[in-house]
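Shown next: upload.csv, given as CSV, C-alpha atoms and all ligand atoms.
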chain,number,residue,atom,x,y,z
A,40,MET,CA,3.6,43.0,9.2
A,41,ALA,CA,5.6,40.4,7.3
A,42,MET,CA,3.8,38.6,4.5
A,43,ALA,CA,2.8,35.0,5.3
A,44,LYS,CA,4.9,32.4,3.7
A,45,LYS,CA,3.2,30.4,1.1
A,46,ALA,CA,2.9,26.7,0.7
A,47,GLU,CA,1.5,24.6,-2.1
A,48,ILE,CA,0.6,21.1,-1.2
A,49,ILE,CA,0.0,18.4,-3.8
A,50,GLY,CA,-2.5,15.8,-2.7
A,51,ALA,CA,-5.4,16.0,-0.2
A,52,GLY,CA,-4.8,12.6,1.3
A,53,PRO,CA,-4.4,12.3,5.1
A,54,VAL,CA,-0.8,13.4,4.9
A,55,GLY,CA,-1.3,16.4,2.6
A,56,LEU,CA,-4.2,17.6,4.8
A,57,ALA,CA,-2.2,17.2,8.0
A,58,ILE,CA,0.8,19.2,6.7
A,59,ALA,CA,-1.6,21.8,5.4
A,60,ILE,CA,-3.2,22.2,8.9
A,61,ALA,CA,0.2,22.1,10.6
A,62,LEU,CA,1.6,24.9,8.4
A,63,SER,CA,-1.4,27.1,8.6
A,64,ARG,CA,-1.3,26.8,12.4
A,65,ILE,CA,2.2,28.3,12.3
A,66,GLY,CA,1.1,31.2,10.1
A,67,TRP,CA,1.6,30.0,6.6
A,68,SER,CA,-0.8,30.6,3.7
A,69,VAL,CA,-1.6,27.2,2.3
A,70,ARG,CA,-3.3,25.8,-0.8
A,71,VAL,CA,-3.8,22.1,-1.4
A,72,HIS,CA,-4.2,20.7,-4.9
A,73,GLU,CA,-6.3,17.5,-5.3
A,74,SER,CA,-6.6,15.8,-8.7
A,75,ALA,CA,-9.9,14.2,-7.8
A,76,GLN,CA,-13.1,16.2,-8.4
A,77,PHE,CA,-14.4,15.2,-4.9
A,78,LEU,CA,-12.8,14.9,-1.5
A,79,ARG,CA,-13.5,11.3,-1.1
A,80,PRO,CA,-10.8,8.7,0.0
A,81,SER,CA,-11.1,5.1,-1.2
A,82,GLY,CA,-10.3,2.1,0.9
A,83,GLY,CA,-12.9,1.7,3.6
A,84,GLY,CA,-11.3,1.7,7.1
A,85,LEU,CA,-8.1,2.5,8.8
A,86,TYR,CA,-6.2,1.5,12.0
A,87,ILE,CA,-4.8,4.6,13.8
A,88,GLN,CA,-2.1,3.8,16.4
A,89,SER,CA,0.0,5.8,18.8
A,90,GLN,CA,2.0,7.8,16.2
A,91,GLY,CA,-1.2,8.8,14.4
A,92,ILE,CA,-3.0,9.6,17.6
A,93,GLN,CA,-0.1,11.8,18.7
A,94,ALA,CA,-0.1,13.6,15.3
A,95,LEU,CA,-3.8,14.3,15.5
A,96,ASN,CA,-3.4,15.6,19.1
A,97,ALA,CA,-0.6,17.9,17.8
A,98,LEU,CA,-3.1,19.3,15.3
A,99,GLY,CA,-5.5,20.0,18.1
A,100,LEU,CA,-8.0,17.4,16.9
A,101,CYS,CA,-8.0,15.0,19.8
A,102,ASP,CA,-11.7,15.3,20.7
A,103,GLU,CA,-12.9,15.3,17.2
A,104,PHE,CA,-10.8,12.2,16.5
A,105,GLU,CA,-12.1,10.3,19.5
A,106,SER,CA,-15.7,11.1,18.5
A,107,ILE,CA,-15.2,9.3,15.1
A,108,ALA,CA,-13.0,6.5,16.4
A,109,TRP,CA,-14.1,3.0,17.2
A,110,ARG,CA,-12.2,1.2,19.9
A,111,PRO,CA,-12.3,-2.5,19.1
A,112,PRO,CA,-12.1,-4.2,22.5
A,113,PHE,CA,-9.8,-6.9,21.2
A,114,PHE,CA,-7.7,-8.1,18.3
A,115,GLU,CA,-8.0,-11.8,17.6
A,116,THR,CA,-6.3,-14.2,15.2
A,117,ARG,CA,-7.9,-17.4,13.9
A,118,VAL,CA,-6.0,-19.9,11.8
A,119,ASP,CA,-8.1,-22.5,10.0
A,120,GLY,CA,-11.0,-21.8,12.3
A,121,VAL,CA,-9.0,-22.1,15.5
A,122,ARG,CA,-8.5,-19.1,17.7
A,123,SER,CA,-4.7,-18.6,18.1
A,124,THR,CA,-4.5,-15.2,19.8
A,125,HIS,CA,-6.9,-13.0,21.6
A,126,GLU,CA,-5.5,-9.7,23.0
A,127,ALA,CA,-7.4,-7.0,24.7
A,128,ASN,CA,-7.0,-3.5,23.1
A,129,THR,CA,-5.7,-1.5,26.0
A,130,GLY,CA,-6.0,1.7,24.0
A,131,LEU,CA,-3.2,1.0,21.7
A,132,PHE,CA,-5.2,1.4,18.5
A,133,ARG,CA,-8.5,2.8,17.1
A,134,THR,CA,-10.3,2.1,13.9
A,135,MET,CA,-12.4,4.3,11.8
A,136,LEU,CA,-13.9,5.0,8.4
A,137,ARG,CA,-11.4,6.7,6.1
A,138,GLN,CA,-14.1,9.0,5.1
A,139,ASP,CA,-14.7,10.1,8.7
A,140,LEU,CA,-11.0,10.9,9.2
A,141,HIS,CA,-10.9,12.6,5.9
A,142,ASP,CA,-13.9,14.8,6.6
A,143,LEU,CA,-12.4,15.7,10.0
A,144,LEU,CA,-9.1,16.8,8.4
A,145,VAL,CA,-10.8,18.7,5.5
A,146,LYS,CA,-13.0,20.6,8.0
A,147,ALA,CA,-10.1,21.5,10.2
A,148,ALA,CA,-8.0,22.6,7.2
A,149,ARG,CA,-10.8,24.9,6.0
A,150,GLN,CA,-11.3,26.3,9.5
A,151,HIS,CA,-7.6,27.2,9.5
A,152,GLY,CA,-8.0,29.0,6.2
A,153,VAL,CA,-6.4,26.4,4.0
A,154,VAL,CA,-7.7,26.6,0.4
A,155,ILE,CA,-8.4,23.1,-1.1
A,156,ALA,CA,-8.6,23.1,-4.9
A,157,THR,CA,-10.3,20.0,-6.3
A,158,GLY,CA,-9.9,18.9,-9.9
A,159,SER,CA,-6.5,20.5,-9.7
A,160,HIS,CA,-3.8,18.1,-10.9
A,161,ALA,CA,-0.2,19.0,-10.4
A,162,ASP,CA,1.8,18.0,-13.5
A,163,HIS,CA,5.3,19.1,-12.5
A,164,VAL,CA,7.3,20.6,-9.7
A,165,ASN,CA,10.7,22.1,-9.7
A,166,ALA,CA,13.3,22.7,-6.9
A,167,GLU,CA,12.6,26.5,-7.1
A,168,GLY,CA,9.1,25.9,-5.7
A,169,VAL,CA,7.1,26.2,-8.9
A,170,VAL,CA,4.2,23.9,-9.4
A,171,THR,CA,2.8,23.5,-12.9
A,172,LEU,CA,-0.9,22.4,-13.0
A,173,ALA,CA,-2.5,20.3,-15.7
A,174,ASP,CA,-4.3,23.3,-17.1
A,175,GLY,CA,-1.0,25.1,-17.6
A,176,ARG,CA,-1.2,27.5,-14.7
A,177,ARG,CA,2.0,27.9,-12.7
A,178,SER,CA,2.3,28.9,-9.1
A,179,GLU,CA,5.3,29.7,-7.1
A,180,ALA,CA,5.7,29.1,-3.3
A,181,ASP,CA,8.2,29.2,-0.5
A,182,LEU,CA,7.6,25.6,0.0
A,183,VAL,CA,6.0,22.8,-2.1
A,184,VAL,CA,5.0,19.6,-0.4
A,185,ALA,CA,4.4,16.5,-2.6
A,186,ALA,CA,2.0,14.4,-0.6
A,187,ASP,CA,0.5,12.7,-3.7
A,188,GLY,CA,0.8,9.1,-2.7
A,189,VAL,CA,2.4,6.1,-4.4
A,190,GLY,CA,1.9,7.4,-7.9
A,191,SER,CA,3.8,10.6,-7.2
A,192,GLN,CA,6.1,11.8,-9.9
A,193,ALA,CA,7.9,14.5,-7.9
A,194,PHE,CA,11.0,12.3,-7.5
A,195,ARG,CA,11.3,12.2,-11.2
A,196,ASP,CA,10.9,16.0,-11.7
A,197,LEU,CA,13.5,16.6,-9.0
A,198,LYS,CA,15.9,13.9,-10.2
A,199,ILE,CA,15.7,12.0,-6.9
A,200,GLU,CA,16.3,8.3,-7.1
A,201,GLN,CA,13.3,6.1,-6.2
A,202,SER,CA,13.4,2.4,-5.5
A,203,ARG,CA,10.2,0.4,-5.5
A,204,GLU,CA,9.6,-3.1,-4.3
A,205,ARG,CA,6.4,-5.1,-4.8
A,206,PHE,CA,5.4,-8.2,-2.9
A,207,SER,CA,3.5,-11.4,-3.7
A,208,GLU,CA,0.2,-10.5,-2.0
A,209,GLY,CA,-2.8,-8.6,-3.2
A,210,LEU,CA,-5.5,-7.1,-1.2
A,211,ILE,CA,-9.1,-6.1,-1.9
A,212,ARG,CA,-10.8,-3.7,0.4
A,213,VAL,CA,-14.5,-3.9,1.0
A,214,LEU,CA,-16.6,-1.5,3.0
A,215,ALA,CA,-19.9,-2.9,4.2
A,216,ARG,CA,-22.7,-2.5,6.7
A,217,ARG,CA,-22.4,-4.8,9.7
A,218,SER,CA,-26.0,-6.0,9.2
A,219,SER,CA,-25.3,-9.7,9.9
A,220,LEU,CA,-22.4,-8.9,12.3
A,221,ARG,CA,-24.0,-7.0,15.1
A,222,GLU,CA,-23.3,-9.1,18.2
A,223,PRO,CA,-20.6,-8.0,20.6
A,224,GLN,CA,-18.3,-10.8,19.3
A,225,TRP,CA,-18.0,-8.7,16.1
A,226,ASP,CA,-17.1,-5.5,17.9
A,227,GLY,CA,-13.4,-6.6,17.9
A,228,ALA,CA,-11.0,-6.9,15.0
A,229,ILE,CA,-10.5,-10.5,13.8
A,230,ASP,CA,-7.7,-11.7,11.5
A,231,PHE,CA,-8.8,-14.9,9.7
A,232,TRP,CA,-6.2,-17.0,8.0
A,233,ARG,CA,-7.1,-20.1,6.0
A,234,TYR,CA,-4.7,-22.6,4.5
A,235,ASP,CA,-7.0,-25.7,4.4
A,236,LYS,CA,-8.9,-24.9,1.1
A,237,ARG,CA,-6.6,-22.4,-0.5
A,238,PRO,CA,-4.4,-19.8,1.1
A,239,LEU,CA,-6.6,-16.8,1.9
A,240,ARG,CA,-6.9,-14.2,4.6
A,241,VAL,CA,-9.6,-11.8,5.7
A,242,LEU,CA,-8.9,-9.1,8.2
A,243,TYR,CA,-12.3,-8.1,9.6
A,244,THR,CA,-12.3,-4.6,11.1
A,245,PRO,CA,-15.3,-2.9,12.7
A,246,CYS,CA,-15.1,0.9,12.1
A,247,THR,CA,-18.3,2.1,13.6
A,248,ALA,CA,-21.4,0.5,15.2
A,249,ASP,CA,-22.8,0.2,11.7
A,250,TYR,CA,-19.9,-0.3,9.3
A,251,CYS,CA,-17.0,-2.7,9.0
A,252,TYR,CA,-14.3,-3.1,6.4
A,253,LEU,CA,-12.9,-6.4,5.1
A,254,ALA,CA,-9.4,-6.7,3.7
A,255,LEU,CA,-9.4,-9.8,1.5
A,256,MET,CA,-5.9,-11.0,0.9
A,257,ALA,CA,-4.5,-13.7,-1.4
A,258,PRO,CA,-1.3,-14.3,-3.4
A,259,VAL,CA,-1.5,-12.1,-6.5
A,260,SER,CA,-1.0,-15.3,-8.5
A,261,ASP,CA,-4.5,-16.4,-7.4
A,262,ALA,CA,-6.3,-14.4,-10.1
A,263,ASP,CA,-9.7,-15.8,-9.2
A,264,ALA,CA,-9.4,-14.7,-5.6
A,265,MET,CA,-8.2,-11.2,-6.6
A,266,GLN,CA,-10.7,-10.6,-9.3
A,267,LEU,CA,-13.1,-7.6,-9.1
A,268,PRO,CA,-15.9,-7.5,-8.4
A,269,VAL,CA,-15.3,-9.8,-5.6
A,270,ASN,CA,-15.9,-13.5,-6.3
A,271,VAL,CA,-18.3,-14.0,-3.5
A,272,ASP,CA,-18.7,-17.7,-4.0
A,273,LEU,CA,-15.0,-18.3,-3.7
A,274,TRP,CA,-14.5,-16.2,-0.6
A,275,SER,CA,-17.7,-17.5,1.0
A,276,ALA,CA,-16.5,-21.1,0.6
A,277,SER,CA,-13.6,-20.3,3.0
A,278,PHE,CA,-15.3,-17.6,5.1
A,279,PRO,CA,-19.1,-18.4,5.2
A,280,GLU,CA,-19.6,-15.8,8.0
A,281,PHE,CA,-18.9,-13.0,5.5
A,282,GLU,CA,-21.2,-14.1,2.7
A,283,PRO,CA,-24.1,-11.7,3.5
A,284,VAL,CA,-21.6,-8.8,3.9
A,285,LEU,CA,-19.8,-9.6,0.7
A,286,ASN,CA,-23.1,-9.9,-1.2
A,287,GLN,CA,-24.0,-6.4,-0.2
A,288,ALA,CA,-20.7,-4.8,-0.9
A,289,GLU,CA,-19.9,-6.3,-4.3
A,290,ASN,CA,-19.4,-2.9,-6.0
A,291,ALA,CA,-17.6,-1.0,-3.3
A,292,THR,CA,-14.2,-2.5,-3.7
A,293,ARG,CA,-10.6,-1.6,-4.5
A,294,PHE,CA,-7.6,-3.7,-5.3
A,295,ASP,CA,-4.1,-2.9,-4.1
A,296,ARG,CA,-0.8,-4.7,-4.1
A,297,TYR,CA,1.7,-4.6,-1.3
A,298,GLY,CA,4.7,-2.3,-2.1
A,299,ARG,CA,7.5,-0.3,-0.6
A,300,ILE,CA,8.9,3.0,-1.9
A,301,THR,CA,12.2,4.4,-0.8
A,302,LEU,CA,13.7,7.7,-2.0
A,303,SER,CA,17.4,8.7,-2.0
A,304,GLN,CA,16.3,12.0,-0.4
A,305,TRP,CA,13.1,13.5,0.8
A,306,SER,CA,13.6,17.0,-0.4
A,307,LYS,CA,15.3,19.2,-2.9
A,308,GLY,CA,15.4,23.0,-2.9
A,309,ARG,CA,12.0,24.2,-1.9
A,310,VAL,CA,10.2,20.9,-2.3
A,311,ALA,CA,9.6,18.2,0.4
A,312,ILE,CA,8.1,14.8,-0.4
A,313,VAL,CA,6.2,13.1,2.4
A,314,GLY,CA,3.7,10.3,3.1
A,315,ASP,CA,3.4,7.4,0.7
A,316,ALA,CA,5.1,9.4,-2.0
A,317,ALA,CA,8.3,9.2,0.0
A,318,HIS,CA,8.0,6.1,2.2
A,319,ALA,CA,5.1,3.8,1.2
A,320,MET,CA,5.1,0.5,3.0
A,321,PRO,CA,3.0,-2.7,2.9
A,322,SER,CA,-0.1,-2.4,5.1
A,323,SER,CA,0.9,-5.4,7.1
A,324,ARG,CA,1.4,-3.3,10.3
A,325,GLY,CA,-1.4,-0.8,9.5
A,326,GLN,CA,1.2,2.0,9.8
A,327,GLY,CA,1.5,3.9,6.5
A,328,ALA,CA,-0.9,6.7,7.3
A,329,ASN,CA,0.3,6.8,10.9
A,330,VAL,CA,3.9,7.3,9.9
A,331,GLY,CA,2.8,9.8,7.2
A,332,LEU,CA,0.9,11.8,9.7
A,333,GLY,CA,3.7,11.8,12.2
A,334,ASN,CA,6.2,12.8,9.6
A,335,ALA,CA,4.0,15.6,8.4
A,336,ILE,CA,3.9,17.0,11.9
A,337,ALA,CA,7.6,16.7,12.3
A,338,LEU,CA,8.1,18.5,9.0
A,339,ALA,CA,6.1,21.5,10.2
A,340,SER,CA,7.9,21.5,13.5
A,341,HIS,CA,11.3,21.7,11.8
A,342,ILE,CA,10.1,24.4,9.5
A,343,GLU,CA,8.9,26.4,12.5
A,344,ALA,CA,12.1,25.9,14.4
A,345,SER,CA,14.4,27.3,11.7
A,346,SER,CA,14.2,30.4,9.5
A,347,ASP,CA,16.4,28.6,7.0
A,348,LEU,CA,14.3,26.2,4.9
A,349,ASP,CA,17.2,24.2,3.6
A,350,ARG,CA,18.4,23.5,7.1
A,351,ALA,CA,14.9,22.7,8.3
A,352,LEU,CA,14.4,20.1,5.5
A,353,GLN,CA,17.9,18.6,6.2
A,354,ARG,CA,17.2,18.3,9.9
A,355,TRP,CA,13.8,16.9,9.4
A,356,GLU,CA,15.1,14.1,7.2
A,357,GLN,CA,18.0,13.4,9.5
A,358,ALA,CA,15.8,13.2,12.5
A,359,GLN,CA,12.9,11.2,11.0
A,360,ARG,CA,14.3,8.9,8.4
A,361,PRO,CA,15.9,6.2,10.7
A,362,ALA,CA,12.6,5.7,12.6
A,363,VAL,CA,10.5,5.7,9.4
A,364,GLU,CA,12.8,3.1,7.9
A,365,VAL,CA,12.6,0.8,10.9
A,366,ILE,CA,8.8,0.7,10.6
A,367,GLN,CA,9.1,0.2,6.8
A,368,ASP,CA,11.5,-2.7,7.4
A,369,GLU,CA,9.3,-4.3,10.0
A,370,ALA,CA,6.3,-4.0,7.6
A,371,VAL,CA,8.3,-5.7,4.9
A,372,ARG,CA,9.6,-8.4,7.2
A,373,LEU,CA,6.1,-9.2,8.3
A,374,VAL,CA,4.7,-9.3,4.8
A,375,ARG,CA,7.5,-11.6,3.8
A,376,SER,CA,7.4,-13.9,6.8
A,377,ARG,CA,3.7,-14.4,6.6
A,378,ALA,CA,3.3,-14.5,2.8
A,379,LEU,CA,0.3,-16.7,2.1
A,380,ASP,CA,1.9,-18.4,-0.9
A,381,ARG,CA,4.6,-19.9,1.4
A,382,GLY,CA,2.0,-22.0,3.2
A,383,ARG,CA,1.2,-22.1,6.8
A,384,PRO,CA,4.0,-20.6,8.8
A,385,GLU,CA,5.6,-22.5,11.7
A,386,GLN,CA,4.8,-19.8,14.1
A,387,GLU,CA,1.3,-18.6,14.2
A,388,PRO,CA,0.8,-15.3,12.4
A,389,HIS,CA,0.6,-13.0,15.4
A,390,PHE,CA,0.5,-9.3,15.2
A,391,VAL,CA,-1.6,-6.8,17.2
A,392,PRO,CA,-2.0,-3.3,15.9
A,393,GLY,CA,-0.4,-0.8,18.2
A,394,ALA,CA,2.2,-3.2,19.5
A,395,THR,CA,5.6,-1.8,19.8
A,396,LEU,CA,8.3,-3.4,17.6
A,397,GLN,CA,9.6,-5.6,20.4
A,398,GLN,CA,6.2,-7.0,21.1
A,399,PHE,CA,5.9,-9.2,18.1
B,1,LIG,C1,-4.9,-2.1,1.8
B,1,LIG,C2,-4.3,-1.0,2.6
B,1,LIG,C3,-4.6,-0.9,4.0
B,1,LIG,C4,-4.0,0.2,4.7
B,1,LIG,N1,-4.3,0.3,6.0
B,1,LIG,C5,-3.7,1.2,6.8
B,1,LIG,C6,-4.0,1.3,8.2
B,1,LIG,O1,-4.9,0.6,8.7
B,1,LIG,N2,-3.4,2.3,8.9
B,1,LIG,C7,-2.5,3.1,8.3
B,1,LIG,O2,-1.9,3.9,9.0
B,1,LIG,N3,-2.2,3.0,7.0
B,1,LIG,C8,-2.8,2.1,6.2
B,1,LIG,N4,-2.5,2.0,4.9
B,1,LIG,C9,-1.6,3.0,4.3
B,1,LIG,C10,-2.3,4.3,4.1
B,1,LIG,O3,-3.5,4.1,3.3
B,1,LIG,C11,-1.4,5.3,3.3
B,1,LIG,O4,-0.1,5.3,4.0
B,1,LIG,C12,-2.0,6.7,3.4
B,1,LIG,O5,-3.2,6.8,2.7
B,1,LIG,C13,-0.9,7.6,2.7
B,1,LIG,O6,-1.5,8.9,2.7
B,1,LIG,P1,-0.9,10.0,1.7
B,1,LIG,O7,-1.7,11.2,2.0
B,1,LIG,O8,0.6,10.0,1.7
B,1,LIG,O9,-1.3,9.5,0.2
B,1,LIG,P2,-2.8,9.1,-0.4
B,1,LIG,O10,-3.7,8.7,0.7
B,1,LIG,O11,-2.5,8.2,-1.5
B,1,LIG,O12,-3.3,10.5,-0.9
B,1,LIG,C14,-2.7,11.1,-2.1
B,1,LIG,C15,-3.7,12.1,-2.7
B,1,LIG,O13,-3.0,12.8,-3.7
B,1,LIG,C16,-3.9,12.9,-4.8
B,1,LIG,N5,-3.0,13.1,-6.0
B,1,LIG,C17,-2.2,12.2,-6.6
B,1,LIG,N6,-1.5,12.7,-7.5
B,1,LIG,C18,-1.8,14.0,-7.6
B,1,LIG,C19,-1.4,15.1,-8.4
B,1,LIG,N7,-0.5,15.0,-9.4
B,1,LIG,N8,-2.0,16.3,-8.2
B,1,LIG,C20,-2.9,16.5,-7.2
B,1,LIG,N9,-3.3,15.5,-6.4
B,1,LIG,C21,-2.8,14.3,-6.6
B,1,LIG,C22,-4.7,11.6,-4.8
B,1,LIG,O14,-5.9,11.8,-5.5
B,1,LIG,C23,-4.9,11.4,-3.3
B,1,LIG,O15,-6.1,12.1,-2.9
B,1,LIG,C24,-3.1,1.0,4.1
B,1,LIG,C25,-2.8,0.9,2.8
B,1,LIG,C26,-3.4,-0.1,2.0
B,1,LIG,C27,-3.0,-0.2,0.6

Produce structure tokens that represent the structure in this file.
Ligand SMILES: Cc1cc2nc3c(=O)[nH]c(=O)nc-3n(C[C@H](O)[C@H](O)[C@H](O)COP(=O)(O)OP(=O)(O)OC[C@H]3O[C@@H](n4cnc5c(N)ncnc54)[C@H](O)[C@@H]3O)c2cc1C
Amino acid sequence: MAMAKKAEIIGAGPVGLAIAIALSRIGWSVRVHESAQFLRPSGGGLYIQSQGIQALNALGLCDEFESIAWRPPFFETRVDGVRSTHEANTGLFRTMLRQDLHDLLVKAARQHGVVIATGSHADHVNAEGVVTLADGRRSEADLVVAADGVGSQAFRDLKIEQSRERFSEGLIRVLARRSSLREPQWDGAIDFWRYDKRPLRVLYTPCTADYCYLALMAPVSDADAMQLPVNVDLWSASFPEFEPVLNQAENATRFDRYGRITLSQWSKGRVAIVGDAAHAMPSSRGQGANVGLGNAIALASHIEASSDLDRALQRWEQAQRPAVEVIQDEAVRLVRSRALDRGRPEQEPHFVPGATLQQF
């Protein structure tokens, strides 16, 4: 019997875990290296839309996924306290706790025989498929996948060009119990925009019956609004409905700034780069993980379809890149056109997760 091909994956985020499962399902021997000591994602909740749902189906995780997913019955937009849109969620999107999705992927990966090494930081990769770990150990593989997120250095090791754009908005993610937000009106996702006091936005997302996540957004120049721990008085002045939730959640926060990463190529030799490491985008469309999951599945399919790795990687990029770039462009367009520091836009900020590109 032929020896199983070996893959080393860098990063146990959603994309690294998805590619690990997909490769193990086609007979590869897979190990994932995760820098963190614990398999715990940060960032609260997540919108999963059609591409993500399809990817999870392709991994055979449809039922498990539906059991952790929340289906917000609607997505609503309110501008300065006035409801401007209210759209039923006809199954276009689900929400969930990042931790629940992560646990599901970790469990599935282990069931497929994937080895996940925590506290295992990859320092360097080369095009021959050698990964050097922080403790000096080296390991050689038929394929290395860098799925190590926005801080990935693989492009540098491989001498691939990276361009990186940053935008004027910052975002604090808060995970909290829905203790004061239990009524059915809080079962849907609500996007609150305020321009009257100072430009601020809160995207309220229920993730389970018990938990919600708030994305607090402001221009990065508004240091008081973007300070950690959250300035509860400042946010409650504009959004009094969230005061109890914010008071509880003061320490469970994380700050991010909108950004985009583009690489001149997604692979070199035996190394592929995927997920945020290759094509990060602003979270304005809630698509980064969805696109990453879809692209991971596509990578595994191209590898399965061709015995020549070089050709598989070329075909993967040719097939996937145009669609990924369209979604990145749309995310960037949206973040620019609705930038809070530009003041109230002429058109109401209107976007429903799961909508196709033509729909908004
Ligand atoms: C505020 C915000 C909201 C978002 N909301 C959504 C949403 O609703 N829907 C959606 O689809 N997307 C959303 N996204 C985007 C989504 O979070 C990312 O696209 C997704 O997490 C990317 O997954 P990844 O696996 O590529 O990278 P990551 O999730 O960043 O995982 C990378 C992993 O690699 C590890 N790592 C890093 N370096 C090394 C190393 N050298 N060695 C070993 N391990 C390493 C890290 O510890 C981490 O565990 C949002 C992003 C932000 C910032």

Closest pair table for stretch 193-239 of chain A residues within 9 Å of stretch 90-112 of chain A, only C-alpha atoms, as CSV:
residue,atom,partner,partner_atom,distance
A:Trp225,CA,A:Pro111,CA,8.9
A:Asp226,CA,A:Pro111,CA,5.8
A:Gly227,CA,A:Pro111,CA,4.4
A:Ala228,CA,A:Pro111,CA,6.2

Give me the chain A side of the contact with ligand LIG 1 (chain B), cut-off 6 Å, one line per residue showing its nearest atom pair and distance in Å at one decimal, counting all atoms listed in the file, sorted by chain and residue number, as a tab-separated table.
residue	atom	partner	partner_atom	distance
A:Ile49	CA	B:LIG1	C20	4.9
A:Gly50	CA	B:LIG1	O13	3.2
A:Ala51	CA	B:LIG1	O15	4.8
A:Gly52	CA	B:LIG1	O12	3.4
A:Pro53	CA	B:LIG1	O7	4.3
A:Val54	CA	B:LIG1	O7	3.7
A:Gly55	CA	B:LIG1	O7	5.2
A:His72	CA	B:LIG1	C20	5.0
A:Glu73	CA	B:LIG1	N9	3.8
A:Ser74	CA	B:LIG1	N9	4.0
A:Ala75	CA	B:LIG1	O14	5.2
A:Leu85	CA	B:LIG1	O1	3.7
A:Tyr86	CA	B:LIG1	O1	3.7
A:Ile87	CA	B:LIG1	N2	5.6
A:Ser159	CA	B:LIG1	C20	5.9
A:His160	CA	B:LIG1	N8	3.7
A:Ala161	CA	B:LIG1	N8	3.9
A:Asp162	CA	B:LIG1	N7	5.6
A:Ala186	CA	B:LIG1	O8	5.2
A:Asp187	CA	B:LIG1	O13	3.5
A:Gly188	CA	B:LIG1	O9	3.6
A:Ser191	CA	B:LIG1	N6	5.7
A:Leu210	CA	B:LIG1	C1	5.9
A:Asp295	CA	B:LIG1	C27	5.5
A:Gly314	CA	B:LIG1	O8	3.4
A:Asp315	CA	B:LIG1	O8	3.9
A:Ala316	CA	B:LIG1	O8	5.9
A:Ser322	CA	B:LIG1	C24	4.6
A:Gly325	CA	B:LIG1	C6	3.6
A:Gln326	CA	B:LIG1	O2	3.7
A:Gly327	CA	B:LIG1	O4	3.3
A:Ala328	CA	B:LIG1	O2	3.4
A:Asn329	CA	B:LIG1	O2	4.1
A:Gly331	CA	B:LIG1	O8	5.9

- Task: Please determine the residues with any atom at most 8 Å from (-3.3, 27.4, 10.9) (coordinates as given in the file, with only C-alpha atoms counting) and report them as a ChimeraX atom specification.
- Result: /A:60-67,148,151-153

- Hey, can you check how far atom CA of A:Ser260 sits from atom CA of A:Glu208? 8.2 Å

- Message: At a cut-off of 6 Å, using all atoms listed in the file, what residues contact A:Glu115? Leave out same-chain residues fewer than 6 positions from it and give the result as a PyMOL selection string.
- Response: chain A and resi 124-125+229

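Distance annotation: of A:Leu144, A:Gly120, A:Ile58, A:Phe206, the residue with the minimal separation from A:Leu338 is A:Ile58; atom set is all atoms listed in the file.
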
- Item | From A:Ser81, A:Gln353, A:Ser306, A:Ser376, residue lying nearest A:Asn165 [all atoms listed in the file] |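 Looking at the shortest contact to A:Asn165, the residue is A:Ser306.
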
- Close residues, A:Ala362 itself excluded, 12 Å, all atoms listed in the file, min 4 positions apart in chain, as a PyMOL selection string: chain A and resi 90+318+330-331+333-334+355-358+366-369+396

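One distance worth recording is that between atom CA of A:Met135 and atom CA of A:Pro238, which is 27.6 Å.
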
- Distance criterion (all atoms listed in the file): nearest to A:Asp142 out of A:Leu182, A:Phe114, A:Pro80, A:Ile199: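 Of A:Leu182, A:Phe114, A:Pro80, A:Ile199, the one nearest A:Asp142 is A:Pro80, counting all atoms listed in the file.
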
- Query: Counting all atoms listed in the file, which of A:Gln138, A:Asn270, A:Ser345, A:Gln304 gets nearest to A:Leu214?
  - Reply: A:Gln138

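For the pair atom CA of A:Val164 and atom CA of A:Ala319, the separation is 20.1 Å.
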
- Task: Determine the nearest neighbour of A:Leu253 from the options A:Gly298, A:Phe194, A:Asp380, A:Ala215, counting only C-alpha atoms.
- Result: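 For A:Leu253, the nearest of the given residues is A:Ala215.
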
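Restricting the calculation to only C-alpha atoms, the smallest distance between A:Phe231 and any of A:Phe113, A:Tyr250, A:Phe294, A:Phe278 is found for A:Phe278.
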
Filtering to C-alpha atoms, could stretch 100-119 of chain A of the supplied structure be written out as a tab-separated table (two decimals), in the first residue's frame?
chain	number	residue	atom	x	y	z
A	100	LEU	CA	-20.66	18.39	9.17
A	101	CYS	CA	-24.11	19.57	8.15
A	102	ASP	CA	-26.08	18.14	11.11
A	103	GLU	CA	-23.51	19.10	13.71
A	104	PHE	CA	-23.36	22.60	12.24
A	105	GLU	CA	-27.14	23.04	12.33
A	106	SER	CA	-27.19	21.90	15.95
A	107	ILE	CA	-24.90	24.76	17.03
A	108	ALA	CA	-26.27	27.41	14.67
A	109	TRP	CA	-28.73	30.12	15.60
A	110	ARG	CA	-31.12	31.28	12.90
A	111	PRO	CA	-31.89	34.93	13.55
A	112	PRO	CA	-35.40	35.37	12.15
A	113	PHE	CA	-34.55	38.80	10.76
A	114	PHE	CA	-31.84	41.33	10.10
A	115	GLU	CA	-32.75	44.90	10.92
A	116	THR	CA	-31.03	48.25	10.47
A	117	ARG	CA	-31.73	51.26	12.69
A	118	VAL	CA	-30.31	54.70	12.02
A	119	ASP	CA	-30.51	57.21	14.86
